[in-house]
Every structure is written in C-alpha cells, then in structure tokens.
Number of protein chains: 2
Amino acid sequence: MANGTAPRTRRGVARREALLKAAEKVIGEKGFSAASIADITREAGTALGTFYIYFPTKEAVFHELVLEMGHATRAAVTQAIDGAPDRLAAEKNGLRAFLQFVAARPALYRIVEEARFVDPEAYRGYFTTFARAYATRLRAAAEAGEIAHGDQEVRAWALMGVAKTLGDRFVLWEEKPDLDHVVDSAFALIRDGLGPKP
Amino acid sequence: MANGTAPRTRRGVARREALLKAAEKVIGEKGFSAASIADITREAGTALGTFYIYFPTKEAVFHELVLEMGHATRAAVTQAIDGAPDRLAAEKNGLRAFLQFVAARPALYRIVEEARFVDPEAYRGYFTTFARAYATRLRAAAEAGEIAHGDQEVRAWALMGVAKTLGDRFVLWEEKPDLDHVVDSAFALIRDGLGPKP
DNA sequence: ATGATTCATGAATACTGATTCATGTTTCAA
DNA sequence: TTGAAACATGAATCAGTATTCATGAATCAT
C-alpha cells in the first residue's frame, strides 16, 4: 500500500503487480517525465486513483523498479556464473547473461539508466553493490592465479562499462542482435587485451 | 536567434553565450526537467523572455549543448592522441584526455547522458560519430600490426564503455580523483586483458 | 548624430499532469 | 452470512512552468 504494508487481499496483490508491470512498460518506453500516472493506470486497466492506493508517489514506483532490476540482474548473472570452471569462463557467461537480460527486459534497463537523474541514490546503490561483489570475485581469481593481478576495483567498473555500452549499442539499438558474435568479440578483448600477439 | 540566424550585435552575441553557459550549469546540476527557464535566465542575469530571443525551446538549448559536448570531446581526444607513437599509446592518452574532460566539464558529461532520454537522436549521433572514427583508427592500427585483429567496431564500443563508466565512478563520484592511477590500471587491462601472464 | 533594426523585459497566458478525496464496492475472517 | 476492513473510482484540486507578447531601450551602419 501507499504507506508501506503489503496488500491484504488477493485482488490487492494482483492490482499492485499489474501496476508495477504497467509502470515498467510505460516508463521504460516513454521515460519518467513523459509517462503519466494516467498512462500507467490505463495500461494496468485500473482507475487513476488506484495508483495511489499502492504507491505514494510516481518516484516510489520508479524506485521499486530500480531495486527490482538490481535483484533480477544479480540473479541472472550469478546463476550464469555458477558452475563456470574458472574466472575467465565466468566473465564470458556473465557478459552473455547480462546482454540476454537486456534483450529480455529492455524497459528495466532503460529505467536503471534514467535513475541516474530521477533517483541518484538508487542508481549509485545499484552499481556500487554490483561492483563490490564483482571486485571481490576478481580478487579471489587473481589469488587463484586465474587472472592477472591489478586494481580489481577499477577493473570491475571498466568491465561493467563494457557490458552496459554493448547492451546499448548491440542489443537495444539492434533489430536482430547477434549476441554470440558480440560476446565472442568482447570476450577476446577482455581476455587478451588490445596488444598484438607477440 | 530563436529562428536560426546568429545575433547581430555584440551584446546579442554575449547574451547568447551567457545563456548557453548558464544552461550548461543549471541543466547539468538539476537535470533537464527540474531546470526551469527561469533558473537559466536568473543564472545568466537576464529577464525570462530574453531566453526566447535566442532559443526557440528548452529542448533547443539542450540539443546545442549535446552538440557542443560532441565537438569538445572530439577535439580534446583528437589532440591528445595526436603525435602518439602508436595505437596503444594513443589509447592511453585518449582515455586520460577523456577523463580530464569529464573532470573539467562534469555538467556537459551529464547532459550527454541525459540526452538518451531528452534527445535520443542527438545521443545516438554523438556516440555513433565517435565510434565510427574510433573503429576506423583501430582497423588501421590492426593493419599496421600495432594491435590484435578482431571486430574493431565491437571493440570501439567496448572501450567507449570503459571510458564512460570510469568517468562516472572515478571522476564524477570522487572528491579528489586519482586520474593517473585509474588510467594506469585501466590501460593495463586494455592492453593485456584479464588473462594471467603465461 | 540618428533612426531603422535588433534586442530586453516580465506580467499574463495556457496547459499539463501529479495528487487528493468523498463516495461506493468488494473481500474475507469469523 | 455478514459487517468491518480493504480496496476502487474519477472528477476536482493545485501547483508549476514553458511560452507569448505588448511595450520600451540599446545598438550600430550610414
């Protein structure tokens, strides 16, 4: 509900979910300011005022969507990484999983990017949380001799940047993305760098 | 002027420039929607209506700022690259120049990112133009044996992603950025990749 | 020096859209 | 079955701000 408790009836739960789904679609497509509450409730098939039964403000749904993106991407990437034989394999799987996620839920991806302006705290939180776990994994891998030594925090951010930008260009902007090719090319760069083979 | 011609008096030229500078500051700080025309003219020291003598709409100044960012970054990076002995050196210089630019004009950097939502055409144009030139340079370097072969377009976007994200995290979010360290760490990754030394 | 042109001003206009609320309807535990 | 609690509705409120415009001042080519 708008206050903070969960809905107490079946119908309430369903309505809230419908509104959240509608908000993801509408805000993802039109952007935060252009998306009106009326757009969202129309998409959800409810009356205008119903929105305010479940969310106190427009910012509140947005915030919740950013958190959802956080959980969903972490889950997708973690699962994809799980069982990889070594860190390099994990890198490749993780990149593929991220790009697949962007392809599956483009609206959520755009919402996180817009959070930079609409909800800066959440934006930083999203990436900082991700980066922390990422750097920790990289450090462990360096200890294990699976990857080169270096500043793993800088690397974590650099690698997140690669994934984000490839998502923009080769998933969102492409009619029929060739994910395998992009992943292969990017992974070759990540593993071996730009330097010429000796 | 609002129509499309340039100001015809000294004063007009100065006013337009003041408004553009004010818009960069205000929009960069508060974001596009939160920044009002009144904020911009107050910052510029002019009356409200004066804005519309020089720009037809709020979107128009924004668009001009995105173009300015395009020119300015290309100029900064091109100059930094100029005279580098080889492509790897150029990569390092270019990355440093970009991060220095972000540090010098953070508002412009944020404006370009917000263009993704406010002026998508300009946003794509900015990065596409940059990527095209970047990929061309990488191809030439691969021909010359200075870097490894591979899909240089994917690489160009991946490397732009690295620069963007490091700009966010280690320039915008850092009180006293240690650019040299970031550049060194990132460059090591770009040159050699994540793979362990044989 | 001067008047045609360009520019400056800010109050008034116009519109959009978030949020509220008074009035019903539905749900579900007992 | 039932009534207290939870939920649904959409017209009305309220606020903010982009844009216009009628009036007056500054500029500069001649």
# chains A, B, ... in the order shown; residues from 1 in each chain; ligands from 1
$ interface_residues --of "chain D" --to "chain B" --cutoff "8 Å" --atoms "only C-alpha atoms (C1' of nucleotides)" --output "list of chain:residue names"
D:DT17, D:DA18, D:DT27
$ residues_around --residues "Ala44 of chain A" --least-positions-apart "5" --cutoff "12 Å" --atoms "only C-alpha atoms (C1' of nucleotides)" --output "compact mmCIF listing (two decimals) with N, CA, C and O atoms, in the first residue's frame"
# COMPACT_ATOMS: atom_id res chain seq x y z
N ALA A 14 -2.77 -8.66 -6.77
CA ALA A 14 -2.80 -8.68 -8.23
C ALA A 14 -2.75 -7.27 -8.81
O ALA A 14 -2.01 -7.00 -9.76
N ARG A 15 -3.50 -6.38 -8.23
CA ARG A 15 -3.53 -5.00 -8.71
C ARG A 15 -2.15 -4.35 -8.62
O ARG A 15 -1.67 -3.70 -9.53
N ARG A 16 -1.53 -4.54 -7.49
CA ARG A 16 -0.22 -3.94 -7.29
C ARG A 16 0.76 -4.45 -8.35
O ARG A 16 1.53 -3.70 -8.93
N GLU A 17 0.69 -5.74 -8.58
CA GLU A 17 1.59 -6.34 -9.55
C GLU A 17 1.31 -5.79 -10.95
O GLU A 17 2.23 -5.51 -11.73
N ALA A 18 0.02 -5.67 -11.25
CA ALA A 18 -0.35 -5.15 -12.56
C ALA A 18 0.17 -3.72 -12.75
O ALA A 18 0.66 -3.35 -13.82
N LEU A 19 0.06 -2.93 -11.69
CA LEU A 19 0.54 -1.55 -11.78
C LEU A 19 2.05 -1.50 -11.95
O LEU A 19 2.58 -0.69 -12.72
N LEU A 20 2.74 -2.38 -11.26
CA LEU A 20 4.19 -2.39 -11.36
C LEU A 20 4.62 -2.79 -12.77
O LEU A 20 5.51 -2.16 -13.37
N LYS A 21 3.97 -3.78 -13.30
CA LYS A 21 4.28 -4.24 -14.65
C LYS A 21 3.98 -3.13 -15.67
O LYS A 21 4.77 -2.87 -16.58
N ALA A 22 2.84 -2.48 -15.48
CA ALA A 22 2.47 -1.40 -16.37
C ALA A 22 3.47 -0.25 -16.29
O ALA A 22 3.86 0.34 -17.29
N ALA A 23 3.90 0.04 -15.08
CA ALA A 23 4.87 1.13 -14.90
C ALA A 23 6.18 0.80 -15.59
O ALA A 23 6.79 1.65 -16.23
N GLU A 24 6.60 -0.44 -15.48
CA GLU A 24 7.84 -0.85 -16.15
C GLU A 24 7.72 -0.61 -17.65
O GLU A 24 8.62 -0.04 -18.26
N LYS A 25 6.60 -1.00 -18.20
CA LYS A 25 6.43 -0.84 -19.63
C LYS A 25 6.36 0.63 -20.05
O LYS A 25 7.10 1.08 -20.92
N VAL A 26 5.47 1.35 -19.39
CA VAL A 26 5.23 2.73 -19.80
C VAL A 26 6.43 3.63 -19.54
O VAL A 26 6.86 4.40 -20.40
N ILE A 37 0.83 9.17 -14.71
CA ILE A 37 0.15 8.17 -13.88
C ILE A 37 -1.05 7.64 -14.65
O ILE A 37 -1.37 6.46 -14.59
N ALA A 38 -1.70 8.53 -15.38
CA ALA A 38 -2.84 8.10 -16.18
C ALA A 38 -2.42 7.05 -17.21
O ALA A 38 -3.14 6.07 -17.43
N ASP A 39 -1.26 7.23 -17.82
CA ASP A 39 -0.76 6.22 -18.77
C ASP A 39 -0.61 4.87 -18.07
O ASP A 39 -0.99 3.83 -18.60
N THR A 50 -6.46 4.54 -8.19
CA THR A 50 -5.98 3.25 -7.68
C THR A 50 -4.47 3.23 -7.50
O THR A 50 -3.95 2.59 -6.57
N PHE A 51 -3.80 3.95 -8.37
CA PHE A 51 -2.34 4.01 -8.27
C PHE A 51 -1.90 4.39 -6.87
O PHE A 51 -1.00 3.79 -6.29
$ closest_residue --among "D:DA29, D:DC7, D:DT20, D:DT1" --to "DT25 of chain C" --atoms "only C-alpha atoms (C1' of nucleotides)"
D:DC7
$ atom_distance --atom1 "atom CA of Ala72 of chain A" --atom2 "atom CA of Gly45 of chain A"
25.5 Å
$ residues_around --residues "Gly167 of chain B" --least-positions-apart "5" --cutoff "12 Å" --atoms "only C-alpha atoms (C1' of nucleotides)" --output "MDAnalysis selection string"
(chainID A and resid 154 157:158 161) or (chainID B and resid 95:106 109:110 113 160:162 172:174 177:179 182:183 186)
$ residues_around --residues "DA12 of chain C" --least-positions-apart "2" --cutoff "10 Å" --atoms "only C-alpha atoms (C1' of nucleotides)" --output "NGL selection string"
(:C and (10 or 14)) or (:D and (20-21))
$ residues_around --residues "Met69 of chain B" --least-positions-apart "4" --cutoff "7 Å" --atoms "only C-alpha atoms (C1' of nucleotides)" --output "number ranges by chain"
B: 65, 73, 108
$ interface_residues --of "chain C" --to "chain B" --cutoff "12 Å" --atoms "only C-alpha atoms (C1' of nucleotides)" --output "list in words"
DT5, DT6, DC7, DA8, DT9, DG10 and DA11 of chain C
$ write_last_selection --atoms "N, CA and C atoms (P, O5', C5', C4', C3', O3' and C1' of nucleotides)" --output "tab-separated table (two decimals), in the first residue's frame"
chain	number	residue	atom	x	y	z
C	5	DT	P	14.23	48.71	-41.16
C	5	DT	O5'	15.06	47.87	-40.09
C	5	DT	C5'	16.49	47.90	-40.14
C	5	DT	C4'	17.06	47.26	-38.90
C	5	DT	C3'	16.40	45.94	-38.48
C	5	DT	O3'	17.40	44.93	-38.46
C	5	DT	C1'	16.72	47.37	-36.61
C	6	DT	P	17.07	43.42	-38.09
C	6	DT	O5'	17.60	43.37	-36.59
C	6	DT	C5'	18.90	43.90	-36.31
C	6	DT	C4'	19.12	43.91	-34.82
C	6	DT	C3'	18.73	42.61	-34.11
C	6	DT	O3'	19.81	42.21	-33.29
C	6	DT	C1'	17.75	44.47	-33.02
C	7	DC	P	19.78	40.83	-32.52
C	7	DC	O5'	19.31	41.29	-31.05
C	7	DC	C5'	20.13	42.24	-30.37
C	7	DC	C4'	19.41	42.76	-29.16
C	7	DC	C3'	19.01	41.71	-28.12
C	7	DC	O3'	19.63	42.05	-26.90
C	7	DC	C1'	17.27	43.26	-28.50
C	8	DA	P	19.40	41.20	-25.59
C	8	DA	O5'	18.25	42.02	-24.86
C	8	DA	C5'	18.56	43.32	-24.36
C	8	DA	C4'	17.59	43.70	-23.25
C	8	DA	C3'	17.28	42.58	-22.26
C	8	DA	O3'	17.32	43.15	-20.96
C	8	DA	C1'	15.27	43.32	-23.31
C	9	DT	P	17.03	42.24	-19.68
C	9	DT	O5'	15.48	42.52	-19.45
C	9	DT	C5'	15.04	43.87	-19.32
C	9	DT	C4'	13.54	43.89	-19.11
C	9	DT	C3'	13.02	42.80	-18.16
C	9	DT	O3'	12.46	43.41	-17.03
C	9	DT	C1'	11.67	42.98	-20.13
C	10	DG	P	12.58	42.66	-15.61
C	10	DG	O5'	11.08	42.18	-15.42
C	10	DG	C5'	10.02	43.12	-15.59
C	10	DG	C4'	8.71	42.38	-15.76
C	10	DG	C3'	8.54	41.15	-14.85
C	10	DG	O3'	7.16	40.98	-14.57
C	10	DG	C1'	8.38	40.47	-17.04
C	11	DA	P	6.60	41.23	-13.13
C	11	DA	O5'	5.08	41.51	-13.47
C	11	DA	C5'	4.73	42.60	-14.33
C	11	DA	C4'	3.61	42.19	-15.28
C	11	DA	C3'	2.53	41.33	-14.62
C	11	DA	O3'	1.26	41.71	-15.17
C	11	DA	C1'	3.50	40.13	-16.42
$ atom_distance --atom1 "atom CA of Phe187 of chain B" --atom2 "atom CA of Glu91 of chain B"
7.7 Å
$ interface_residues --of "chain A" --to "chain B" --cutoff "6 Å" --atoms "only C-alpha atoms" --output "ChimeraX atom specification"
/A:147-148,158,161-162,165,190-196
$ atom_distance --atom1 "atom CA of Ala75 of chain A" --atom2 "atom CA of Glu143 of chain A"
25.0 Å
